[in-house]
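Beneath this line is the structure, given in structure tokens, with notes to follow.
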Amino acid sequence: MGRGRLRIYLGAAPGVGKTYAMLAEAHRRHERGTDVVVAFVEDHGRRRTADMVAGLEVVLRQQVVHRGARFSEMDLDAVLARRPQVALVDELAHTNVPGCRNEKRWQDVEELLAAGIDVISTVNVQHLESLGDAVAGITGVRQRETVPDEVVRRADQIELVDMSPQALRRRLAHGNVYAPEKIDAALANYFRPGNLTALRELALLWTADRVDEYLQKYRAEQGIEGTWQARERIVVGLTGGPEGATLIRRAARIAARVSGGELLAVHISRSDGLVGPGSPQTLIEQRALVESLGGSFHAVLGDDPAGGLLDFARGVNATQIVLGTSRRPGWQYLYGPGVGTTVTREAGDIDVHMVTHEHAGHGRGRIPVRRTTDLGRTRTVAGWLIGLAGPPVLAVVLTAIGGLGLSTDMLLFLSLTVCAALVGGLLPAVGSALVGSSVLNYYFTPPLHTFTINEPQNIMAVAIFTIVGISVASVVDLAARRTHQAARSQTEAQTLSALAGTVLRGAPNGDGVLTALMEQVRETFGQESAALLERPDPLGPWVPVATAGPRPPERPEEADVDVPVGDSLALVLRGRVLPGADRRLLGAFAAQAAVVLERRRLAREAASARREAEGNRIRTALLAAVSHDLRTPLAGIKASVSSLRAADVDWDPEDEAELLAGIEAGADRLDHLINNLLDMSRLQTGTVTPLIQETDLDEVVPFALGGVPPESVRLDVPETLPMIRADGGLLERSLANLVENAVKYSPDGVKVLVKADALEQPGMPGRVELRIVDRGPGVPEDAKEKIFAPFQRYGDAPRGAGVGLGLAVARGFVEAMDGSVTAEDTPGGGLTMVVSLPAVERPPEPEEPGEPHGDGSGPLSELIT
């Protein structure tokens with residue numbers, strides 16, 4: 001049974017005719033043959049509305065008494081019992097009188113939809129929860145009855161019922177809305193032209209959002225990539241630079257100039273995972289600014305910023321793009337056109353706004369980009385020592401040996417610069433290059449011991465040395481930073497690989513995996529606690545799904561780090577704020593957690609589907625059994641009764657006794673079949689609750705043999721057997737089914753053996769085994785488990801041999817008592833049913849004091865010794 005469809009008539013104001021439109025739609029459907037009923041319609045004394053109800057079936061309302069007054073409300077149970085195709089429910093935001101099952105009428109509607117009933121309802125725009133403050137500010141009236149926006153947004157169809165303020169006021173003045181004594185007050189207060197115009201605009205804007213959702217869905221389904229100028233969407237491109245705040249505010253002003261304008265901010269991140277020129281912290285701040293202005297922030301991967309920005313803009317059907325003028329100096333345009341030029345040239349029918357700002361043309365060096373490689377304090381100090389102290393020491397050594405020539409000396413000083421770069425990074429290497437060039441000039445460039453240089457070629461040599469030293473230092477530092485980033489990426493990849501392995505090795509239903517995942521998140525990022533929060537209802541509270549660590553956050557607002565996954569799931573951490581570079585990996589953890597949750601949900605749905613399929617199979621088999629196996633004894637009983645009641649036949653006592661015996665046999669057979677059906681139903685629904693107590697097997701077995709001829713069974717149950725833990729009634733039913741099945745398949749004249757033995761194994765609890773041995777045709781090995789399934793008959797068993805529930809019921813009852821039923825081959829041919837049940841543990845009896853052991857050993861002898 002699927003969920004019903006909801007259609008809502010949204011009124012811009014009271015009196016625009018939404019209830020009339022709902023009733024008109026009901027008449028159209030009724031004329032087409034649809035089963036339509038009026039669950040609740042309020043005509044407010046309006047004659048035309050009351051006339052529209054005529055001709056439609058009306059479900060009587062329930063009467064509720066509250067505080068001595070009587071109120072009429074929709075009778076939800078009566079509508080559910082009536083089960084129409086379509087139900088009309090007026091005033092969706094109505095609050096039910098205390099005493100009803102649900103507090104709000106929209107909750108009643110949810111029950112009708114869940115039952116597969118289509119619902120047509122009405123609501124005014126002023127009753128939408130998100131517009132409560134706006135309506136109160138416009139009209140001065142606070143609406144007490146509201147309906148969550150999400151309830152209305154989930155409707156399959158929303159139709160706006162609108163009317164111009166002048167036309168609505170004329171309807172009001174003609175008495176079509178309120179009683180005559182209320183008209184003047186309504187026109188002077190709530191129904192003023194300004195109020196109605198504002199409410200009308202709110203209704204149009206709110207409905208436009210819903211229409212836009214339909215449009216986006218249609219474009220995606222049809223694969224339409226071109227821009228449709230249906231609504232203004234302004235995309236602002238962010239680089240993570242300081243000009244982003246200016247661009248966001250400018251784009252927000254552009255979006256505010258048109259009704260329903262939408263603001264979207266996008267940042268193009270490098271697909272190789274390396275850090276781009278933007279600042280992660282700046283992007284976080286700009287994201288918060290975008291969201292505070294009512295926009296949305298998006299991150300897109302791509303190596304081509306211009307292409308990625310245009311692809312995003314076309315994907316969201318944007319009409320305008322806002323970019324900042326480039327921060328690159330003019331000479332850098334020699335490398336090619338900037339992003340703004342490329343976007344403007346290739347934007348097509350999308351308008352592009354280039355916004356100037358104070359950072360234009362000042363270069364990218366002003367962006368707070370981290371240049372260090374996290375080498376640690378020790379390596380940084382060592383690098384500065386090599387860079388600053390290394391050149392003077394090298395000069396002393398070279399002076400002592402008389403020098404090796406200017407070119408060789410320069411290479412040695414250059415080696416110090418490279419060493420400083422490798423150890424301490426860029427800044428120590430630059431310092432080494434500057435100090436090295438000065439020392440080289442002072443000690444090894446004529447005239448010596450002065451900072452003047454006589455020969456031009458030496459001037460060029462020292463200059464080239466300085467440039468090469470700084471260049472080499474930059475290259476070495478860049479390689480070190482890239483190595484650091486690659487190592488970080490490798491670490492992230494290893495973490496993600498381990499994460500994926502943890503998820504894949506987890507239980508199919510997700511039990512334990514989410515907790516381990518939260519613990520891994522907490523340890524990986526050094527947090528105090530971690531939690532995965534879910535909100536099943538968009539309007540309800542957050543519910544912890546899995547937690548790790550002490551005091552996990554219970555809401556995203558309480559966390560130091562919040563990573564949303566869709567609208568209903570969030571990964572939250574408490575401990576410290578993480579840098580932007582860590583949020584990508586954290587997002588992967590959140591995505592994996594969502595996968596585990598989805599897998600657990602699918603596993604539950606699959607299990608539910610299997611149970612439902614099993615139930616359908618059993619119901620189908622039950623119908624087949626009822627169609628023959630139950631009707632056969634009924635036919636015999638009816639024939640015997642009809643014969644006995646026949647007035648034209650004089651039955652002698654023997655014939656009469658035979659007919660009565662047939663009736664009794666048929667009734668017994670019916671009783672047996674019905675009992676098995678009821679027992680199987682109890683097992684399927686899990687309502688079997690055994691009353692476990694100490695039971696003597698030799699008291700239960702004789703009663704279980706009452707349904708078979710005494711000469712068909714040979715009993716071997718010793719009186720010395722230990723007591724068992726079982727429910728006597730269930731055990732009797734189980735043994736009766738097993739014995740009757742064995743007798744049914746045993747050859748004529750061959751008795752079925754019922755034998756019991758006690759089993760004792762060292763270190764294991766004792767058990768009692770009962771064996772029902774027959775000499776029938778037996779069962780192949782591959783069918784020994786199948787015969788215990790419900791409605792199964794093995795081989796060519798006749799249709800009259802039962803419905804195939806006896807063995808299934810027997811095993812179900814025994815397993816409910818912590819026992820087991822298995823099938824084995826009988827030596828020499830046949831089948832043996834083995835029933836194993838737990839024995840009652842008896843403590844050893846204490847020995848009499850002073851009684852010696854037979855061999856003089858044991859506790860007493862030890863005591864004497």
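Chain lettering (A, B, ...) mirrors the order of the structure tokens, residue numbering begins at 1 for each chain separately, and ligand numbering begins at 1 in order of display.
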Run DSSP on the backbone of this structure and report the residues of stretch 517-651 of chain A it assigns to strand (DSSP E), as number ranges by chain.
A: 529-534, 543-548, 561-565, 569-574
Can you list, as a PDB file with all heavy atoms, in the first residue's frame, every protein, DNA or RNA residue that comes within 9 Å of A:Arg61 when you count only C-alpha atoms, leaving out same-chain residues fewer than 3 positions away?
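This is the output file around.pdb:
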```pdb
ATOM      1  N   ALA A  39     -14.405  14.736   4.617  1.00  0.00           N
ATOM      2  CA  ALA A  39     -13.992  14.396   5.978  1.00  0.00           C
ATOM      3  C   ALA A  39     -14.258  15.561   6.925  1.00  0.00           C
ATOM      4  O   ALA A  39     -14.715  15.373   8.053  1.00  0.00           O
ATOM      5  CB  ALA A  39     -12.517  14.007   6.003  1.00  0.00           C
ATOM      6  N   PHE A  40     -13.961  16.786   6.463  1.00  0.00           N
ATOM      7  CA  PHE A  40     -14.251  17.975   7.272  1.00  0.00           C
ATOM      8  C   PHE A  40     -14.211  19.191   6.351  1.00  0.00           C
ATOM      9  O   PHE A  40     -13.194  19.462   5.713  1.00  0.00           O
ATOM     10  CB  PHE A  40     -13.226  18.149   8.403  1.00  0.00           C
ATOM     11  CG  PHE A  40     -13.580  19.262   9.365  1.00  0.00           C
ATOM     12  CD1 PHE A  40     -14.280  18.996  10.526  1.00  0.00           C
ATOM     13  CD2 PHE A  40     -13.240  20.581   9.092  1.00  0.00           C
ATOM     14  CE1 PHE A  40     -14.617  20.008  11.412  1.00  0.00           C
ATOM     15  CE2 PHE A  40     -13.569  21.595   9.955  1.00  0.00           C
ATOM     16  CZ  PHE A  40     -14.263  21.314  11.124  1.00  0.00           C
ATOM     17  N   VAL A  58     -20.690  12.849   3.128  1.00  0.00           N
ATOM     18  CA  VAL A  58     -20.097  13.540   4.271  1.00  0.00           C
ATOM     19  C   VAL A  58     -19.935  12.544   5.418  1.00  0.00           C
ATOM     20  O   VAL A  58     -20.897  11.883   5.807  1.00  0.00           O
ATOM     21  CB  VAL A  58     -20.959  14.731   4.730  1.00  0.00           C
ATOM     22  CG1 VAL A  58     -20.322  15.428   5.934  1.00  0.00           C
ATOM     23  CG2 VAL A  58     -21.142  15.722   3.581  1.00  0.00           C
ATOM     24  N   SER A  72     -17.333  19.976  17.602  1.00  0.00           N
ATOM     25  CA  SER A  72     -17.329  18.942  16.559  1.00  0.00           C
ATOM     26  C   SER A  72     -15.987  18.983  15.831  1.00  0.00           C
ATOM     27  O   SER A  72     -15.527  20.053  15.426  1.00  0.00           O
ATOM     28  CB  SER A  72     -18.475  19.167  15.569  1.00  0.00           C
ATOM     29  OG  SER A  72     -18.338  20.420  14.924  1.00  0.00           O
ATOM     30  N   GLU A  73     -15.366  17.824  15.706  1.00  0.00           N
ATOM     31  CA  GLU A  73     -14.080  17.698  15.037  1.00  0.00           C
ATOM     32  C   GLU A  73     -14.167  16.578  14.010  1.00  0.00           C
ATOM     33  O   GLU A  73     -15.103  15.768  14.013  1.00  0.00           O
ATOM     34  CB  GLU A  73     -12.957  17.391  16.041  1.00  0.00           C
ATOM     35  CG  GLU A  73     -12.675  18.503  17.030  1.00  0.00           C
ATOM     36  CD  GLU A  73     -11.900  19.656  16.394  1.00  0.00           C
ATOM     37  OE1 GLU A  73     -11.607  19.576  15.186  1.00  0.00           O
ATOM     38  OE2 GLU A  73     -11.608  20.630  17.106  1.00  0.00           O
ATOM     39  N   MET A  74     -13.177  16.518  13.134  1.00  0.00           N
ATOM     40  CA  MET A  74     -13.131  15.458  12.142  1.00  0.00           C
ATOM     41  C   MET A  74     -12.966  14.105  12.849  1.00  0.00           C
ATOM     42  O   MET A  74     -12.121  13.955  13.739  1.00  0.00           O
ATOM     43  CB  MET A  74     -11.968  15.675  11.174  1.00  0.00           C
ATOM     44  CG  MET A  74     -11.872  14.620  10.081  1.00  0.00           C
ATOM     45  SD  MET A  74     -10.525  14.912   8.911  1.00  0.00           S
ATOM     46  CE  MET A  74      -9.112  14.515   9.910  1.00  0.00           C
ATOM     47  N   ASP A  75     -13.765  13.126  12.451  1.00  0.00           N
ATOM     48  CA  ASP A  75     -13.683  11.783  13.014  1.00  0.00           C
ATOM     49  C   ASP A  75     -12.653  10.993  12.203  1.00  0.00           C
ATOM     50  O   ASP A  75     -12.960  10.397  11.168  1.00  0.00           O
ATOM     51  CB  ASP A  75     -15.049  11.099  12.969  1.00  0.00           C
ATOM     52  CG  ASP A  75     -15.088   9.837  13.825  1.00  0.00           C
ATOM     53  OD1 ASP A  75     -14.004   9.288  14.097  1.00  0.00           O
ATOM     54  OD2 ASP A  75     -16.188   9.420  14.223  1.00  0.00           O
ATOM     55  N   LEU A  76     -11.401  11.014  12.674  1.00  0.00           N
ATOM     56  CA  LEU A  76     -10.308  10.387  11.932  1.00  0.00           C
ATOM     57  C   LEU A  76     -10.523   8.889  11.778  1.00  0.00           C
ATOM     58  O   LEU A  76     -10.326   8.325  10.696  1.00  0.00           O
ATOM     59  CB  LEU A  76      -8.974  10.673  12.650  1.00  0.00           C
ATOM     60  CG  LEU A  76      -7.721  10.029  12.045  1.00  0.00           C
ATOM     61  CD1 LEU A  76      -7.512  10.489  10.619  1.00  0.00           C
ATOM     62  CD2 LEU A  76      -6.494  10.351  12.899  1.00  0.00           C
ATOM     63  N   ALA A  78     -13.294   7.232  11.743  1.00  0.00           N
ATOM     64  CA  ALA A  78     -14.379   6.943  10.802  1.00  0.00           C
ATOM     65  C   ALA A  78     -13.898   7.078   9.360  1.00  0.00           C
ATOM     66  O   ALA A  78     -14.274   6.284   8.492  1.00  0.00           O
ATOM     67  CB  ALA A  78     -15.556   7.883  11.064  1.00  0.00           C
TER      68      ALA A  78
END
```
Can you tell me how far atom CA of A:Ala704 sits from atom CA of A:Leu735, in Å to one decimal?
5.8 Å
Name all residues at most 9 Å from A:Glu145 (count only C-alpha atoms; drop same-chain ones fewer than 2 positions away) and give them as number ranges by chain.
A: 93-95, 104, 127-129, 143, 147
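Interatomic distance, atom CA of A:Glu150 against atom CA of A:Pro538: 7.5 Å.
Omitting A:Gly55 and its sequence neighbours fewer than 3 positions away, and counting only C-alpha atoms, the residues within 9 Å are A:His27, A:Asp51, A:Met52.
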Could you pull the residues within 12 Å of A:Asn189, counting only C-alpha atoms, minus those fewer than 3 positions along the same chain, as an NGL selection string?
:A and (138-141 or 169 or 182-186 or 192-196)
Write the residues you've just listed into a file as a compact mmCIF listing (two decimals), in the first residue's frame, and include all heavy atoms for each of them.
```
# COMPACT_ATOMS: atom_id res chain seq x y z
N ILE A 138 2.86 42.86 9.40
CA ILE A 138 2.04 43.52 8.38
C ILE A 138 0.65 43.84 8.92
O ILE A 138 0.15 44.97 8.78
CB ILE A 138 1.95 42.63 7.13
CG1 ILE A 138 3.33 42.50 6.47
CG2 ILE A 138 0.93 43.19 6.14
CD1 ILE A 138 3.38 41.45 5.38
N THR A 139 0.02 42.84 9.52
CA THR A 139 -1.39 42.99 9.90
C THR A 139 -1.57 43.37 11.37
O THR A 139 -2.67 43.79 11.75
CB THR A 139 -2.14 41.67 9.63
OG1 THR A 139 -1.60 40.64 10.48
CG2 THR A 139 -1.98 41.25 8.17
N GLY A 140 -0.53 43.19 12.18
CA GLY A 140 -0.67 43.44 13.61
C GLY A 140 -1.37 42.33 14.34
O GLY A 140 -1.70 42.47 15.53
N VAL A 141 -1.63 41.21 13.67
CA VAL A 141 -2.33 40.07 14.27
C VAL A 141 -1.40 38.88 14.26
O VAL A 141 -0.89 38.48 13.20
CB VAL A 141 -3.63 39.74 13.50
CG1 VAL A 141 -4.32 38.52 14.12
CG2 VAL A 141 -4.56 40.93 13.48
N ARG A 169 -12.15 42.87 -1.28
CA ARG A 169 -12.90 43.82 -0.44
C ARG A 169 -14.34 43.95 -0.92
O ARG A 169 -15.26 44.11 -0.11
CB ARG A 169 -12.20 45.18 -0.45
CG ARG A 169 -10.94 45.20 0.42
CD ARG A 169 -10.15 46.49 0.23
NE ARG A 169 -10.93 47.67 0.58
CZ ARG A 169 -11.04 48.15 1.82
NH1 ARG A 169 -10.42 47.54 2.83
NH2 ARG A 169 -11.75 49.24 2.06
N LYS A 182 -19.89 42.12 11.05
CA LYS A 182 -18.43 42.06 11.12
C LYS A 182 -17.74 42.71 9.93
O LYS A 182 -16.53 42.82 9.91
CB LYS A 182 -17.98 40.59 11.22
CG LYS A 182 -18.48 39.86 12.45
CD LYS A 182 -17.97 38.43 12.46
CE LYS A 182 -18.47 37.67 13.69
NZ LYS A 182 -17.98 36.26 13.70
N ILE A 183 -18.52 43.16 8.95
CA ILE A 183 -17.91 43.62 7.70
C ILE A 183 -17.12 44.90 7.91
O ILE A 183 -15.95 45.02 7.48
CB ILE A 183 -19.01 43.82 6.62
CG1 ILE A 183 -19.62 42.46 6.26
CG2 ILE A 183 -18.43 44.50 5.40
CD1 ILE A 183 -20.78 42.57 5.28
N ASP A 184 -17.69 45.89 8.56
CA ASP A 184 -17.01 47.18 8.72
C ASP A 184 -15.70 47.03 9.49
O ASP A 184 -14.67 47.62 9.11
CB ASP A 184 -17.94 48.16 9.45
CG ASP A 184 -19.14 48.55 8.59
OD1 ASP A 184 -19.03 48.40 7.35
OD2 ASP A 184 -20.16 48.98 9.15
N ALA A 185 -15.71 46.26 10.57
CA ALA A 185 -14.49 46.08 11.35
C ALA A 185 -13.42 45.36 10.53
O ALA A 185 -12.23 45.70 10.59
CB ALA A 185 -14.80 45.29 12.63
N ALA A 186 -13.83 44.38 9.73
CA ALA A 186 -12.85 43.65 8.92
C ALA A 186 -12.23 44.54 7.86
O ALA A 186 -11.02 44.52 7.62
CB ALA A 186 -13.52 42.43 8.28
N ARG A 192 -7.42 45.74 5.04
CA ARG A 192 -7.02 46.99 4.39
C ARG A 192 -6.26 46.67 3.10
O ARG A 192 -5.59 45.64 3.00
CB ARG A 192 -6.13 47.82 5.32
CG ARG A 192 -6.86 48.34 6.56
CD ARG A 192 -6.04 49.47 7.22
NE ARG A 192 -4.72 49.01 7.61
CZ ARG A 192 -4.41 48.52 8.81
NH1 ARG A 192 -5.36 48.39 9.73
NH2 ARG A 192 -3.18 48.14 9.08
N PRO A 193 -6.34 47.54 2.09
CA PRO A 193 -5.69 47.24 0.80
C PRO A 193 -4.19 46.94 0.95
O PRO A 193 -3.66 46.04 0.29
CB PRO A 193 -5.94 48.50 -0.03
CG PRO A 193 -7.18 49.08 0.56
CD PRO A 193 -7.13 48.80 2.02
N GLY A 194 -3.48 47.70 1.80
CA GLY A 194 -2.06 47.45 1.98
C GLY A 194 -1.78 46.07 2.57
O GLY A 194 -0.86 45.36 2.14
N ASN A 195 -2.57 45.69 3.56
CA ASN A 195 -2.39 44.36 4.16
C ASN A 195 -2.60 43.26 3.13
O ASN A 195 -1.83 42.31 3.03
CB ASN A 195 -3.37 44.17 5.32
CG ASN A 195 -3.05 45.04 6.52
OD1 ASN A 195 -2.05 45.75 6.51
ND2 ASN A 195 -3.90 45.00 7.53
N LEU A 196 -3.68 43.38 2.36
CA LEU A 196 -3.98 42.34 1.37
C LEU A 196 -2.92 42.27 0.29
O LEU A 196 -2.56 41.18 -0.18
CB LEU A 196 -5.36 42.60 0.76
CG LEU A 196 -6.55 42.54 1.73
CD1 LEU A 196 -7.84 42.86 1.00
CD2 LEU A 196 -6.63 41.17 2.40
```
All residues 7 Å or closer to stretch 231-240 of chain A, only C-alpha atoms, same chain fewer than 5 positions away omitted, as a PyMOL selection string:
chain A and resi 247-248+251+255+261-267+278-280+282-283+313+318-323
With all heavy atoms retained, write the just-selected residues as a short mmCIF file (atom, residue, chain, number, x, y, z; two decimals), in the first residue's frame.
```
data_model
loop_
_atom_site.label_atom_id
_atom_site.label_comp_id
_atom_site.auth_asym_id
_atom_site.auth_seq_id
_atom_site.Cartn_x
_atom_site.Cartn_y
_atom_site.Cartn_z
N LEU A 247 32.58 41.35 -2.47
CA LEU A 247 31.83 40.75 -3.57
C LEU A 247 30.51 40.15 -3.07
O LEU A 247 29.48 40.28 -3.74
CB LEU A 247 32.68 39.66 -4.23
CG LEU A 247 34.03 40.06 -4.80
CD1 LEU A 247 34.69 38.88 -5.48
CD2 LEU A 247 33.88 41.22 -5.79
N ILE A 248 30.55 39.54 -1.90
CA ILE A 248 29.33 38.92 -1.37
C ILE A 248 28.28 39.98 -1.09
O ILE A 248 27.09 39.82 -1.44
CB ILE A 248 29.66 38.11 -0.11
CG1 ILE A 248 30.53 36.91 -0.47
CG2 ILE A 248 28.39 37.66 0.59
CD1 ILE A 248 31.11 36.20 0.74
N ALA A 251 26.86 41.29 -4.40
CA ALA A 251 25.96 40.32 -5.01
C ALA A 251 24.64 40.23 -4.25
O ALA A 251 23.57 40.08 -4.85
CB ALA A 251 26.63 38.94 -5.07
N ALA A 255 20.87 40.77 -5.70
CA ALA A 255 19.79 39.80 -5.54
C ALA A 255 18.58 40.41 -4.86
O ALA A 255 17.44 40.02 -5.13
CB ALA A 255 20.30 38.59 -4.72
N GLY A 261 15.10 36.88 -5.75
CA GLY A 261 16.48 36.68 -6.18
C GLY A 261 17.22 35.74 -5.26
O GLY A 261 17.03 35.75 -4.04
N GLU A 262 18.10 34.90 -5.82
CA GLU A 262 18.82 33.89 -5.05
C GLU A 262 20.32 34.12 -5.17
O GLU A 262 20.84 34.37 -6.26
CB GLU A 262 18.46 32.49 -5.56
CG GLU A 262 19.03 31.37 -4.71
CD GLU A 262 18.57 30.01 -5.19
OE1 GLU A 262 17.70 29.96 -6.09
OE2 GLU A 262 19.08 29.00 -4.67
N LEU A 263 21.00 34.05 -4.03
CA LEU A 263 22.44 34.28 -3.96
C LEU A 263 23.16 32.96 -3.75
O LEU A 263 22.85 32.21 -2.82
CB LEU A 263 22.77 35.24 -2.82
CG LEU A 263 24.26 35.47 -2.51
CD1 LEU A 263 24.96 36.11 -3.70
CD2 LEU A 263 24.41 36.33 -1.26
N LEU A 264 24.15 32.68 -4.61
CA LEU A 264 24.95 31.47 -4.50
C LEU A 264 26.43 31.85 -4.59
O LEU A 264 26.84 32.51 -5.56
CB LEU A 264 24.63 30.44 -5.59
CG LEU A 264 23.18 29.95 -5.70
CD1 LEU A 264 22.42 30.78 -6.74
CD2 LEU A 264 23.14 28.48 -6.08
N ALA A 265 27.21 31.46 -3.60
CA ALA A 265 28.65 31.70 -3.60
C ALA A 265 29.36 30.38 -3.92
O ALA A 265 28.97 29.32 -3.41
CB ALA A 265 29.11 32.23 -2.26
N VAL A 266 30.40 30.45 -4.75
CA VAL A 266 31.10 29.24 -5.16
C VAL A 266 32.61 29.48 -5.09
O VAL A 266 33.11 30.55 -5.44
CB VAL A 266 30.68 28.80 -6.58
CG1 VAL A 266 30.99 29.88 -7.60
CG2 VAL A 266 31.36 27.50 -6.97
N HIS A 267 33.31 28.46 -4.59
CA HIS A 267 34.78 28.48 -4.54
C HIS A 267 35.29 27.27 -5.30
O HIS A 267 34.87 26.14 -5.04
CB HIS A 267 35.28 28.45 -3.10
CG HIS A 267 36.77 28.26 -2.98
ND1 HIS A 267 37.66 29.22 -3.37
CD2 HIS A 267 37.50 27.21 -2.53
CE1 HIS A 267 38.89 28.78 -3.15
NE2 HIS A 267 38.81 27.56 -2.66
N GLY A 278 44.02 30.62 -1.84
CA GLY A 278 43.11 31.20 -0.87
C GLY A 278 43.40 30.77 0.55
O GLY A 278 44.12 29.80 0.80
N SER A 279 42.82 31.49 1.49
CA SER A 279 42.98 31.17 2.89
C SER A 279 41.77 30.38 3.36
O SER A 279 40.63 30.84 3.24
CB SER A 279 43.09 32.46 3.72
OG SER A 279 42.94 32.20 5.09
N PRO A 280 41.97 29.16 3.93
CA PRO A 280 40.82 28.38 4.42
C PRO A 280 40.02 29.13 5.48
O PRO A 280 38.80 29.07 5.49
CB PRO A 280 41.49 27.11 4.98
CG PRO A 280 42.79 27.01 4.25
CD PRO A 280 43.24 28.41 4.02
N THR A 282 39.69 32.36 5.82
CA THR A 282 38.92 33.41 5.16
C THR A 282 37.68 32.83 4.49
O THR A 282 36.60 33.43 4.52
CB THR A 282 39.79 34.15 4.14
OG1 THR A 282 40.94 34.69 4.80
CG2 THR A 282 39.03 35.28 3.48
N LEU A 283 37.82 31.67 3.87
CA LEU A 283 36.67 31.04 3.22
C LEU A 283 35.60 30.66 4.24
O LEU A 283 34.41 30.78 3.97
CB LEU A 283 37.12 29.79 2.46
CG LEU A 283 37.82 30.03 1.11
CD1 LEU A 283 38.36 28.73 0.56
CD2 LEU A 283 36.85 30.67 0.12
N ALA A 313 27.63 27.76 -12.83
CA ALA A 313 26.60 28.76 -13.10
C ALA A 313 25.54 28.20 -14.04
O ALA A 313 24.34 28.41 -13.84
CB ALA A 313 27.23 30.02 -13.67
N ALA A 318 21.95 29.98 -13.51
CA ALA A 318 22.23 31.33 -13.03
C ALA A 318 22.00 32.35 -14.14
O ALA A 318 22.18 32.06 -15.33
CB ALA A 318 23.67 31.42 -12.53
N THR A 319 21.62 33.54 -13.74
CA THR A 319 21.42 34.63 -14.70
C THR A 319 22.53 35.68 -14.64
O THR A 319 22.73 36.41 -15.60
CB THR A 319 20.07 35.32 -14.44
OG1 THR A 319 20.04 35.78 -13.08
CG2 THR A 319 18.92 34.35 -14.66
N GLN A 320 23.25 35.77 -13.49
CA GLN A 320 24.30 36.76 -13.35
C GLN A 320 25.46 36.16 -12.56
O GLN A 320 25.27 35.32 -11.68
CB GLN A 320 23.78 38.01 -12.61
CG GLN A 320 22.60 38.69 -13.30
CD GLN A 320 22.15 39.94 -12.57
OE1 GLN A 320 22.94 40.84 -12.33
NE2 GLN A 320 20.87 39.99 -12.22
N ILE A 321 26.68 36.63 -12.90
CA ILE A 321 27.89 36.22 -12.20
C ILE A 321 28.59 37.48 -11.70
O ILE A 321 28.73 38.45 -12.45
CB ILE A 321 28.84 35.42 -13.12
CG1 ILE A 321 28.19 34.10 -13.55
CG2 ILE A 321 30.17 35.13 -12.41
CD1 ILE A 321 29.04 33.30 -14.53
N VAL A 322 29.01 37.45 -10.45
CA VAL A 322 29.72 38.58 -9.84
C VAL A 322 31.14 38.14 -9.55
O VAL A 322 31.36 37.15 -8.85
CB VAL A 322 29.03 39.05 -8.55
CG1 VAL A 322 29.83 40.17 -7.89
CG2 VAL A 322 27.61 39.53 -8.86
N LEU A 323 32.13 38.89 -10.13
CA LEU A 323 33.54 38.60 -9.92
C LEU A 323 34.26 39.87 -9.49
O LEU A 323 33.82 40.99 -9.80
CB LEU A 323 34.20 38.07 -11.19
CG LEU A 323 33.72 36.71 -11.72
CD1 LEU A 323 34.37 36.42 -13.06
CD2 LEU A 323 34.05 35.61 -10.72
#
```
